[in-house]
Amino acid sequence: MAGQQFEKGGVVNYLIDLPIRALMWLFGLLPYRASLSFAGWLMSRVIGPPFGTNSRIRANLEHVWPDMQEADKRRLCRETGENATRLMLESFRVPDFLDHAARAEMQGAGKAALLEALEAGRPVILVSGHFGNYQVLRVLLRLRGYPIAAIYRPMSNAFTNRRYIDNMDRIAAPNHSRGMAGTKALLTHLKNGGAILLLNDQAAGEGKVLRFLGKPALTMTSAAEFALKYDALLFPFYGIRQPNGVDFEVEVEAPVPHSDPETMTQALNDSLEARVLAHPGQWFWMHRRWKGL
């Protein structure tokens with residue numbers, strides 16, 4: 001099981017966790033597709049807006065697309081909230097999610113090179129963003145016998161965090177908690193000829209100022225640095241949610257050529273930008289992606 005650092009228990013956190021458990025129980029009573037649809041509707045229209053989710057989404061949309069029509073802003077607020085909620089619920093409805101993920105078609109210009117590298121035991125770094133569902137590729141590769149290591153940010157509530165970790169390990173493993181120990185374990189897996197997954201679309205104070213959706217954005221260059229240090233192939237990939245809301249296609253792009261960390265990371269930003277332009281409602285617009293600039 002993945003590590004459980006940073007979590008806090010106690011009566012208060014137990015009480016905070018109770019409504020979360022109740023919602024998961026309620027959603028678990030419904031058929032899978034209806035469950036995800038109802039959860040997405042509830043969070044995007046009823047629960048999320050009072051907590052400021054729409055205001056954060058709107059702030060980002062106005063930053064990058066200041067001329068967007070009001071109707072489009074409202075639509076993207078709904079679609080973003082629905083996709084984020086589906087992603088969360090998929091991590092709790094594990095058997096159903098695994099069933100749909102296993103049906104996903106893996107395609108793209110990098111598919112053959114990825115499978116060849118995994119078979120040869122060459123280090124591989126898979127990079128995506130908070131887009132669609134990035135866990136689908138891990139499921140497909142696990143079914144082929146290739147464990148993809150990932151790093152995660154633990155939840156502070158011990159009761160919620162334990163379920164979250166258990167479910168992550170049921171979806172795909174190994175998983176390592178963010179921090180020095182987790183990073184060391186992740187890189188050991190990479191150095192030994194394994195594959196790791198990183199998400200590269202959050203603002204990072206220690207990152208480089210690169211471009212994303214036409215605006216300067218602080219971006220970590222660690223994925224590219226690891227690729228250069230360990231001679232690893234660096235693949236952008238995406239688990240694209242399909243119109244029915246529960247199925248996926250996985251697109252593995254050609255590996256990013258080795259050059260320097262900034263150039264390679266900008267290529268990752270450009271790749272994700274193209275996906276966001278094609279499917280804007282599947283990206284996590286709630287992130288303060290352009291903060292600090």
# chains A, B, ... in the order shown; residues from 1 in each chain; ligands from 1
>>> residues_around(residues="Tyr134 of chain A", least_positions_apart="3", cutoff="10 Å", atoms="only C-alpha atoms", output="PyMOL selection string")
chain A and resi 87+127-131+137-139+197-199+237-241+250
>>> residues_around(residues="segment 60-71 of chain A", least_positions_apart="6", cutoff="12 Å", atoms="only C-alpha atoms", output="MDAnalysis selection string")
chainID A and resid 53:54 77:78 80 211:217 273 276:277 280:281 283:291 293
>>> write_last_selection(atoms="C-alpha atoms", output="short mmCIF file (atom, residue, chain, number, x, y, z; two decimals), in the first residue's frame")
data_model
loop_
_atom_site.label_atom_id
_atom_site.label_comp_id
_atom_site.auth_asym_id
_atom_site.auth_seq_id
_atom_site.Cartn_x
_atom_site.Cartn_y
_atom_site.Cartn_z
CA THR A 53 -15.45 26.97 -8.02
CA ASN A 54 -17.17 28.93 -10.77
CA CYS A 77 -18.15 26.12 -15.73
CA ARG A 78 -20.65 23.27 -15.89
CA THR A 80 -15.39 21.54 -15.88
CA ARG A 211 3.88 29.69 -22.19
CA PHE A 212 0.53 27.96 -21.77
CA LEU A 213 -2.64 28.97 -23.59
CA GLY A 214 -0.91 32.11 -24.76
CA LYS A 215 0.09 33.35 -21.30
CA PRO A 216 3.25 33.11 -19.18
CA ALA A 217 2.93 30.20 -16.73
CA GLU A 273 -2.71 23.28 -24.85
CA VAL A 276 -7.48 21.85 -23.98
CA LEU A 277 -8.39 23.76 -27.14
CA PRO A 280 -11.83 22.66 -22.99
CA GLY A 281 -14.40 21.20 -20.61
CA TRP A 283 -9.34 20.38 -18.22
CA PHE A 284 -9.29 21.39 -14.54
CA TRP A 285 -9.86 25.14 -14.92
CA MET A 286 -10.21 25.41 -11.13
CA HIS A 287 -6.42 25.39 -10.73
CA ARG A 288 -4.78 28.80 -10.27
CA ARG A 289 -2.54 27.91 -13.19
CA TRP A 290 -1.21 31.42 -13.83
CA LYS A 291 -0.67 32.54 -10.25
CA LEU A 293 2.86 36.14 -12.65
#
>>> closest_residue(among="A:Ala149, A:Leu36, A:Ile57, A:Ala232", to="Gly182 of chain A", atoms="only C-alpha atoms")
A:Ala149
>>> atom_distance(atom1="atom CA of Gly28 of chain A", atom2="atom CA of Pro147 of chain A")
28.2 Å
>>> closest_atom_pairs(of="segment 174-242 of chain A", to="segment 153-162 of chain A", cutoff="10 Å", atoms="only C-alpha atoms", output="CSV")
residue,atom,partner,partner_atom,distance
A:His176,CA,A:Arg153,CA,8.8
A:Ser177,CA,A:Arg153,CA,6.1
A:Arg178,CA,A:Arg153,CA,5.4
A:Gly179,CA,A:Arg153,CA,8.9
>>> write_last_selection(atoms="N, CA and C atoms", output="mmCIF file, in the first residue's frame")
data_model
loop_
_atom_site.group_PDB
_atom_site.id
_atom_site.type_symbol
_atom_site.label_atom_id
_atom_site.label_comp_id
_atom_site.auth_asym_id
_atom_site.auth_seq_id
_atom_site.Cartn_x
_atom_site.Cartn_y
_atom_site.Cartn_z
ATOM 1 N N HIS A 176 3.289 6.648 -4.759
ATOM 2 C CA HIS A 176 4.172 7.179 -3.730
ATOM 3 C C HIS A 176 3.723 8.573 -3.318
ATOM 4 N N SER A 177 3.708 8.818 -2.028
ATOM 5 C CA SER A 177 3.292 10.115 -1.513
ATOM 6 C C SER A 177 4.313 11.193 -1.866
ATOM 7 N N ARG A 178 3.795 12.384 -2.146
ATOM 8 C CA ARG A 178 4.654 13.515 -2.463
ATOM 9 C C ARG A 178 5.609 13.789 -1.313
ATOM 10 N N GLY A 179 6.846 14.121 -1.627
ATOM 11 C CA GLY A 179 7.870 14.375 -0.624
ATOM 12 C C GLY A 179 9.171 13.711 -1.037
#
>>> select_by_dssp(residues="segment 61-174 of chain A", states="alpha helix (DSSP H)", output="PyMOL selection string")
chain A and resi 61-64+70-90+94-102+111-120+136-143+158-171
>>> residues_around(residues="segment 37-40 of chain A", least_positions_apart="2", cutoff="12 Å", atoms="only C-alpha atoms", output="VMD selection string")
chain A and resid 23 to 35 42 to 48 77 to 90 243 to 246
>>> write_last_selection(atoms="C-alpha atoms", output="CSV table (one decimal), in the first residue's frame")
chain,number,residue,atom,x,y,z
A,23,LEU,CA,-22.4,10.8,-0.6
A,24,MET,CA,-20.2,8.0,-1.8
A,25,TRP,CA,-22.8,5.5,-0.4
A,26,LEU,CA,-25.6,7.4,-2.1
A,27,PHE,CA,-23.9,7.4,-5.4
A,28,GLY,CA,-23.0,3.8,-5.0
A,29,LEU,CA,-26.7,2.9,-5.0
A,30,LEU,CA,-27.2,4.1,-8.5
A,31,PRO,CA,-26.2,2.5,-11.7
A,32,TYR,CA,-22.7,3.6,-12.7
A,33,ARG,CA,-23.5,5.9,-15.6
A,34,ALA,CA,-26.5,7.5,-13.7
A,35,SER,CA,-24.2,7.9,-10.6
A,42,LEU,CA,-25.0,18.0,-8.3
A,43,MET,CA,-21.5,19.3,-7.8
A,44,SER,CA,-21.4,21.6,-10.8
A,45,ARG,CA,-24.8,23.3,-10.3
A,46,VAL,CA,-25.6,23.0,-6.6
A,47,ILE,CA,-22.6,22.3,-4.3
A,48,GLY,CA,-19.6,23.7,-6.1
A,77,CYS,CA,-18.1,26.1,-15.7
A,78,ARG,CA,-20.7,23.3,-15.9
A,79,GLU,CA,-18.5,21.0,-18.0
A,80,THR,CA,-15.4,21.5,-15.9
A,81,GLY,CA,-17.3,20.8,-12.7
A,82,GLU,CA,-18.9,17.7,-14.2
A,83,ASN,CA,-15.6,16.3,-15.4
A,84,ALA,CA,-13.8,16.9,-12.2
A,85,THR,CA,-16.6,15.3,-10.2
A,86,ARG,CA,-16.7,12.3,-12.5
A,87,LEU,CA,-12.9,11.9,-12.1
A,88,MET,CA,-13.3,11.9,-8.3
A,89,LEU,CA,-16.2,9.5,-8.3
A,90,GLU,CA,-14.3,7.1,-10.7
A,243,PRO,CA,-19.4,11.8,-25.1
A,244,ASN,CA,-21.2,9.1,-23.0
A,245,GLY,CA,-19.2,10.4,-20.0
A,246,VAL,CA,-17.9,7.0,-18.9
>>> closest_residue(among="A:Asn200, A:Asn175, A:Ser222, A:Ser55", to="Leu272 of chain A", atoms="only C-alpha atoms")
A:Asn200
>>> atom_distance(atom1="atom CA of Leu76 of chain A", atom2="atom CA of Pro19 of chain A")
27.1 Å
>>> residues_around(residues="His258 of chain A", least_positions_apart="3", cutoff="9 Å", atoms="only C-alpha atoms", output="list of chain:residue names")
A:Ala224, A:Ala227, A:Leu228, A:Asp231, A:Leu233, A:Leu234, A:Pro255, A:Pro261, A:Thr263, A:Met264
>>> write_last_selection(atoms="C-alpha atoms", output="CSV table (one decimal), in the first residue's frame")
chain,number,residue,atom,x,y,z
A,224,ALA,CA,12.4,16.8,-18.9
A,227,ALA,CA,14.3,12.3,-19.0
A,228,LEU,CA,17.7,13.8,-19.8
A,231,ASP,CA,18.0,8.7,-20.8
A,233,LEU,CA,11.7,8.5,-23.3
A,234,LEU,CA,9.2,11.4,-22.6
A,255,PRO,CA,8.1,11.2,-27.6
A,261,PRO,CA,14.7,21.2,-20.1
A,263,THR,CA,12.5,23.4,-24.8
A,264,MET,CA,11.2,20.0,-23.8
>>> atom_distance(atom1="atom CA of Glu206 of chain A", atom2="atom CA of Thr265 of chain A")
14.0 Å
>>> closest_residue(among="A:Val136, A:Arg163, A:Gly292, A:Pro50", to="Arg21 of chain A", atoms="only C-alpha atoms")
A:Arg163
>>> select_by_dssp(residues="segment 61-192 of chain A", states="strand (DSSP E)", output="ChimeraX atom specification")
/A:105-107,124-128,148-152,175-177
>>> closest_residue(among="A:Ile125, A:Ile151, A:Leu187, A:Ala104", to="Glu249 of chain A", atoms="only C-alpha atoms")
A:Ala104
>>> closest_residue(among="A:Asp169, A:Glu262, A:Ala267, A:Ile148", to="Glu225 of chain A", atoms="only C-alpha atoms")
A:Glu262
>>> closest_residue(among="A:Ala195, A:Val256, A:Val94, A:Leu268", to="Tyr164 of chain A", atoms="only C-alpha atoms")
A:Val94
